Each structure stands twice: as structure tokens, then as C-alpha cells.
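Below: the structure, in C-alpha cells.
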Amino acid sequence: MADMLELPYTSPSETSDDGPALAVLGDRLFIAWVGSGNDHLNIMPSVDRNGHVEFDSDAKVIVDTFISQELHSLGGPALTTTSDGQLLLAWTHNGGGILGPGEAQSMFGITFDQQLNRTGHVPSLEDTSDLGPALANWAAGNGANIAWTGRGNRLLNVMQRRVRDDAGTFRDVFDGDTRFTSPNETSPFRPALCVSDWPNFTIYIGWTGEGDGELNTMLCNNPNPFVGAPLPATIFDSVTKVTISNETSTSALAIEALGRGLYLCWRGTGNNQINLLGMDLGSELRNKQPPSEQTTGHHPAIRAFRGRLFVAWTGEDDHLNLAQTAPLFSPTHP
């Protein structure tokens with residue numbers, strides 16, 4: 001039987017000690033990761049070669065702050081596209097570099113244009129985590145959201161990025177006034193975020209449950225996604241929680257929406273194989289692919305690109321990998 005992950009590509013030179021992150025901007029796929037043995041953040045775009053999507057190490061950027069000091073990440077970073085056409089990279093700082101040990105476990109962000117020129121810096125959150133964060137841009141909602149598990153308590157948290165305050169004054173921050181903490185849901189790993197505009201304008205959070213390793217999702221809808229309407233708060237209601245029975249993981253999961261489908265991607269328990277399950281957003285139908293022969297020791301990443309699903313992962317040899325698979329449900333809306 002053919003492997004579900006098609007046209008696999010392994011980077012000959014780029015390696016990581018954690019799972020990568022993916023985002024789409026324009027007609028390119030971008031990958032961000034933390035380097036092997038150094039905790040440095042990196043980002044590079046895709047390139048088309050002989051009909052395959054690969055990554056272009058010649059265009060790689062080693063992310064730095066100000067002039068020369070490299071950033072140091074606790075676990076892999078998060079990456080998303082913003083509504084104004086930029087890339088937003090977020091990470092949990094590990095205490096190295098010029099930010100110093102006093103800023104360890106705080107989360108920061110940097111924005112880039114499509115050519116990976118740095119355009120801005122999002123200062124530290126007051127909140128901290130023992131793991132890397134998740135990002136998603138809710139274009140039909142309130143913009144970029146960051147999610148994380150709390151330091152020492154493992155509760156799920158989310159807050160919005162605010163680029164301007166109520167008076168119209170420019171400021172680029174993760175706004176603590178928008179913070180929501182789920183009172184009952186915890187995870188020993190980082191959460192995942194994605195958005196869908198069908199059948200509702202929705203942001204999803206996914207996570208691996210604490211103690212049972214089960215895969216879970218919750219959602220938050222925007223009931224009034226029109227220009228000039230009040231922005232919705234990102235509040236995930238446990239009433240919307242869905243648990244995938246009989247599927248577990250020993251790492252974080254990845255989540256993505258494409259057309260009618262919501263997709264969960266994870267590392268299997270006991271075998272490290274990459275798994276993919278799709279849920280039809282218009283029904284109760286679920287469809288799981290046979291596990292891939294590809295394996296990883298970390299969480300994978302998944303992103304919709306050119307009407308297909310692209311999965312990135314760190315191989316058992318630490319090299320970055322990319323492959324694609326056809327969606328399990330219609331990639332377009334009814």
C-alpha cells in the first residue's frame with residue numbers, strides 16, 4: 001500500500017531538536033524551526049523543483065534580534081500569516097542571548113515580510129510557559145491568536161495580538177486583557193491552533209490530554225464576522241470539546257482546516273509513526289489514513305497549501321522533512 005505522505009523531501013543540511021512550524025504566505029510555504037544543539041531560530045521559504053515542493057536553504061534566515069545576538073527558543077517556534085500580509089513568528093525564550101535569564105519562559109514575536117525582512121517585534125508576554133506556543137490568524141475574527149500551556153499548571157491559554165489600542169495608537173503586543181484560560185483542560189504538551197471559515201467563522205484549539213494522551217479539539221465561533229462589527233473574544237467552550245476515541249499521542253498534535261475538513265496530525269504512541277485523521281465539518285463523518293511509515297520523535301506540523309495538505313516533521317536523524325497528501329474531504333466549500 002502506498003504511503004499516505006507523498007513526494008517526501010528531506011533537507012540535506014537543516015536539522016532540529018524539536019518539531020517545526022509551517023505557514024503559507026503568497027505562493028510559498030514557510031518553515032520555522034529551532035536548530036540542533038543551539039536553540040537558535042531559523043526560517044526559510046519553499047521552492048519548486050521538478051514539480052516538487054522543497055525548501056530553499058539558500059534563502060534561510062537565522063533569526064536575530066537587533067544586530068547580532070541570536071534568539072534562543074525553548075522548544076520549537078510557532079508561525080502564522082497575518083491579515084496584513086506578513087509572517088508572525090513566536091517562541092518561548094529559554095534564557096540565552098541578550099534577553100538574559102530573567103526573561104526565560106516568556107513568549108515573544110517577530111514579524112517578517114514575504115522576503116523575510118524583519119518588520120517588527122512583539123514584546124514579551126507577562127505569562128510564561130515551559131513549552132513553545134501555537135499561533136493562528138483568525139482573519140474572520142479578531143486577528144492573530146497565541147496559545148500555550150501555563151508554566152507549572154498545564155492549563156490551556158489563549159490571547160490576541162493587538163496592533164492598535166482603542167484610541168488608534170499603534171502598539172504591537174500580545175494583549176493580556178484578552179487572555180482566556182480554560183478552567184478544566186490541561187495538556188503536558190503545547191496546544192495547536194487553526195481557523196476555518198466553513199460552516200462558520202471559527203478558530204479551533206487542539207491538544208493532547210494530560211494523563212490519557214487522548215486527542216481533543218474545542219472551538220470558538222464568530223457570530224458576526226462583518227467589517228465594523230465588534231471583535232469576538234477567543235473563548236473556547238468545553239461544551240464544544242471533541243475527543244478522538246482510541247487515538248493517543250506522546251507529543252503535541254497539529255491541526256488544520258481545509259474546505260469541509262478539519263485535520264489532526266500526530267505522532268503515534270509507541271511507534272512514532274505520523275498519523276492523519278480528518279473530520280467532516282458538515283457531518284459526523286471521520287476518516288483516518290493508515291499510519292505513515294515516516295516517523296518522528298517530536299510533534300509534526302500540518303498546513304493547507306495549493307489545495308493539498310503538507311506535513312513537516314523532524315526525522316529520527318534530526319533532518320527536516322516535508323511531504324504532501326490529498327485531503328480526505330472536499331478542499332472547497334459546498
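Letters for chains follow the order of the C-alpha cells (A, B, ...), residue numbers begin at 1 for each chain, and ligand numbers begin at 1 in the order shown.
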
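The shell of residues at most 6 Å from segment 247-262 of chain A, with only C-alpha atoms counted and near chain neighbours (fewer than 5 positions) removed, consists of Phe189, Arg190, Ala192, Cys194, Ser196, Thr208, Gly213, Glu214, Arg267, Gly268, Thr269, Gly278, Met279, Asp280, Leu281, His299, Ala301, Phe329, Ser330, Pro331, Thr332 and His333 of chain A.
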
Which residues, written as JSON, numbers by chain, have at least one atom at most 8 Å from Thr92 of chain A, with only C-alpha atoms counted and residues fewer than 5 positions away on the same chain left out?
{"A": [73, 74, 75, 77, 104, 105, 106, 107, 108, 128, 129, 130, 131, 132, 133]}

Please dump the current selection as a CSV table (one decimal), in the first residue's frame; keep C-alpha atoms.
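Once written, again.csv looks like this:
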```csv
chain,number,residue,atom,x,y,z
A,73,SER,CA,14.0,29.1,21.8
A,74,LEU,CA,12.6,26.7,24.4
A,75,GLY,CA,11.2,24.1,22.1
A,77,PRO,CA,8.6,28.0,17.4
A,104,ALA,CA,13.3,32.7,30.4
A,105,GLN,CA,10.0,31.1,29.6
A,106,SER,CA,8.5,34.4,28.4
A,107,MET,CA,6.9,34.5,24.9
A,108,PHE,CA,7.9,36.9,22.1
A,128,THR,CA,5.2,32.1,30.8
A,129,SER,CA,5.3,28.6,29.6
A,130,ASP,CA,7.5,25.5,29.8
A,131,LEU,CA,6.9,24.8,26.1
A,132,GLY,CA,6.6,26.6,22.8
A,133,PRO,CA,3.4,28.4,21.8
```

For Gln324 of chain A, list every protein, DNA or RNA residue within 12 Å, evaluated using only C-alpha atoms, and leave out those in the same chain fewer than 3 positions away; present the list as a ChimeraX atom specification.
/A:3-9,29,52-54,276,292,301-313,321,327

For the residues in that selection, give me N, CA and C atoms as an mmCIF file, in the first residue's frame.
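Saved to part_26.cif:
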```
data_model
loop_
_atom_site.group_PDB
_atom_site.id
_atom_site.type_symbol
_atom_site.label_atom_id
_atom_site.label_comp_id
_atom_site.auth_asym_id
_atom_site.auth_seq_id
_atom_site.Cartn_x
_atom_site.Cartn_y
_atom_site.Cartn_z
ATOM 1 N N ASP A 3 2.260 4.873 0.754
ATOM 2 C CA ASP A 3 2.264 5.689 1.962
ATOM 3 C C ASP A 3 1.387 6.913 1.760
ATOM 4 N N MET A 4 0.681 7.324 2.819
ATOM 5 C CA MET A 4 -0.185 8.495 2.696
ATOM 6 C C MET A 4 0.608 9.766 2.432
ATOM 7 N N LEU A 5 1.865 9.821 2.877
ATOM 8 C CA LEU A 5 2.697 11.005 2.679
ATOM 9 C C LEU A 5 3.453 10.846 1.375
ATOM 10 N N GLU A 6 3.085 11.665 0.398
ATOM 11 C CA GLU A 6 3.604 11.549 -0.953
ATOM 12 C C GLU A 6 4.703 12.570 -1.215
ATOM 13 N N LEU A 7 5.545 12.258 -2.191
ATOM 14 C CA LEU A 7 6.621 13.144 -2.647
ATOM 15 C C LEU A 7 7.438 13.669 -1.469
ATOM 16 N N PRO A 8 7.937 12.786 -0.619
ATOM 17 C CA PRO A 8 8.696 13.257 0.553
ATOM 18 C C PRO A 8 10.008 13.916 0.157
ATOM 19 N N TYR A 9 10.345 14.936 0.921
ATOM 20 C CA TYR A 9 11.594 15.673 0.725
ATOM 21 C C TYR A 9 12.305 15.763 2.063
ATOM 22 N N LEU A 29 5.344 28.221 0.839
ATOM 23 C CA LEU A 29 5.220 27.619 2.156
ATOM 24 C C LEU A 29 6.477 27.970 2.944
ATOM 25 N N HIS A 52 8.169 19.330 -7.516
ATOM 26 C CA HIS A 52 8.080 19.009 -6.094
ATOM 27 C C HIS A 52 8.238 20.290 -5.277
ATOM 28 N N VAL A 53 7.602 20.320 -4.117
ATOM 29 C CA VAL A 53 7.794 21.418 -3.176
ATOM 30 C C VAL A 53 8.901 21.025 -2.208
ATOM 31 N N GLU A 54 9.967 21.812 -2.206
ATOM 32 C CA GLU A 54 11.084 21.582 -1.305
ATOM 33 C C GLU A 54 11.356 22.875 -0.546
ATOM 34 N N LEU A 276 -2.792 10.702 10.483
ATOM 35 C CA LEU A 276 -3.661 11.777 9.992
ATOM 36 C C LEU A 276 -5.110 11.325 10.079
ATOM 37 N N SER A 292 1.515 6.534 8.494
ATOM 38 C CA SER A 292 2.632 6.625 7.566
ATOM 39 C C SER A 292 3.815 5.797 8.060
ATOM 40 N N ALA A 301 4.003 19.175 11.944
ATOM 41 C CA ALA A 301 3.263 20.383 11.576
ATOM 42 C C ALA A 301 2.445 20.068 10.338
ATOM 43 N N ILE A 302 1.297 20.726 10.190
ATOM 44 C CA ILE A 302 0.451 20.495 9.021
ATOM 45 C C ILE A 302 -0.120 21.823 8.549
ATOM 46 N N ARG A 303 -0.159 22.016 7.219
ATOM 47 C CA ARG A 303 -0.684 23.256 6.664
ATOM 48 C C ARG A 303 -1.302 22.974 5.303
ATOM 49 N N ALA A 304 -2.436 23.624 5.013
ATOM 50 C CA ALA A 304 -3.069 23.543 3.701
ATOM 51 C C ALA A 304 -2.323 24.444 2.730
ATOM 52 N N PHE A 305 -2.002 23.894 1.543
ATOM 53 C CA PHE A 305 -1.213 24.633 0.554
ATOM 54 C C PHE A 305 -1.554 24.082 -0.827
ATOM 55 N N ARG A 306 -2.016 24.967 -1.712
ATOM 56 C CA ARG A 306 -2.345 24.580 -3.082
ATOM 57 C C ARG A 306 -3.376 23.453 -3.141
ATOM 58 N N GLY A 307 -4.337 23.492 -2.226
ATOM 59 C CA GLY A 307 -5.414 22.528 -2.243
ATOM 60 C C GLY A 307 -5.063 21.162 -1.703
ATOM 61 N N ARG A 308 -3.874 21.029 -1.113
ATOM 62 C CA ARG A 308 -3.452 19.769 -0.512
ATOM 63 C C ARG A 308 -2.986 20.039 0.918
ATOM 64 N N LEU A 309 -2.699 18.985 1.639
ATOM 65 C CA LEU A 309 -2.182 19.092 2.999
ATOM 66 C C LEU A 309 -0.699 18.760 2.986
ATOM 67 N N PHE A 310 0.085 19.654 3.529
ATOM 68 C CA PHE A 310 1.526 19.446 3.629
ATOM 69 C C PHE A 310 1.896 19.209 5.088
ATOM 70 N N VAL A 311 2.687 18.188 5.305
ATOM 71 C CA VAL A 311 3.118 17.803 6.649
ATOM 72 C C VAL A 311 4.636 17.957 6.717
ATOM 73 N N ALA A 312 5.101 18.617 7.776
ATOM 74 C CA ALA A 312 6.540 18.745 8.032
ATOM 75 C C ALA A 312 6.856 18.076 9.357
ATOM 76 N N TRP A 313 8.039 17.487 9.431
ATOM 77 C CA TRP A 313 8.437 16.819 10.666
ATOM 78 C C TRP A 313 9.955 16.732 10.747
ATOM 79 N N ASN A 321 11.889 17.354 7.265
ATOM 80 C CA ASN A 321 11.226 16.646 6.177
ATOM 81 C C ASN A 321 9.919 17.324 5.821
ATOM 82 N N PRO A 327 -6.402 15.827 0.574
ATOM 83 C CA PRO A 327 -7.389 15.970 1.652
ATOM 84 C C PRO A 327 -8.398 14.836 1.602
#
```

What lies within 7 Å of Pro291 of chain A using only C-alpha atoms, ignoring chain neighbours under 4 positions off, as a PyMOL selection string?
chain A and resi 273-275

Could you give me, as a Markdown table, every segment 215-326 of chain A residue with an atom at most 10 Å from segment 154-165 of chain A, plus its closest atom pair and distance in Å to one decimal, counting only C-alpha atoms, rows ordered by chain then number?
```
| residue | atom | partner | partner_atom | distance |
| --- | --- | --- | --- | --- |
| A:Ala233 | CA | A:Gln160 | CA | 8.6 |
| A:Thr234 | CA | A:Met159 | CA | 7.2 |
| A:Ile235 | CA | A:Val158 | CA | 8.2 |
| A:Phe236 | CA | A:Val158 | CA | 9.0 |
```

Restricting it to N, CA and C atoms, dump the selection as a compact mmCIF listing (two decimals), in the first residue's frame.
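And here's result_39.txt as it stands now:
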```txt
# COMPACT_ATOMS: atom_id res chain seq x y z
N ALA A 233 -14.41 37.76 21.42
CA ALA A 233 -13.38 37.26 22.33
C ALA A 233 -13.09 35.80 21.97
N THR A 234 -11.84 35.39 22.14
CA THR A 234 -11.49 34.00 21.90
C THR A 234 -11.70 33.23 23.19
N ILE A 235 -12.85 32.57 23.27
CA ILE A 235 -13.21 31.80 24.44
C ILE A 235 -13.60 30.39 23.97
N PHE A 236 -12.84 29.42 24.37
CA PHE A 236 -13.11 28.04 23.98
C PHE A 236 -14.01 27.40 25.03
```
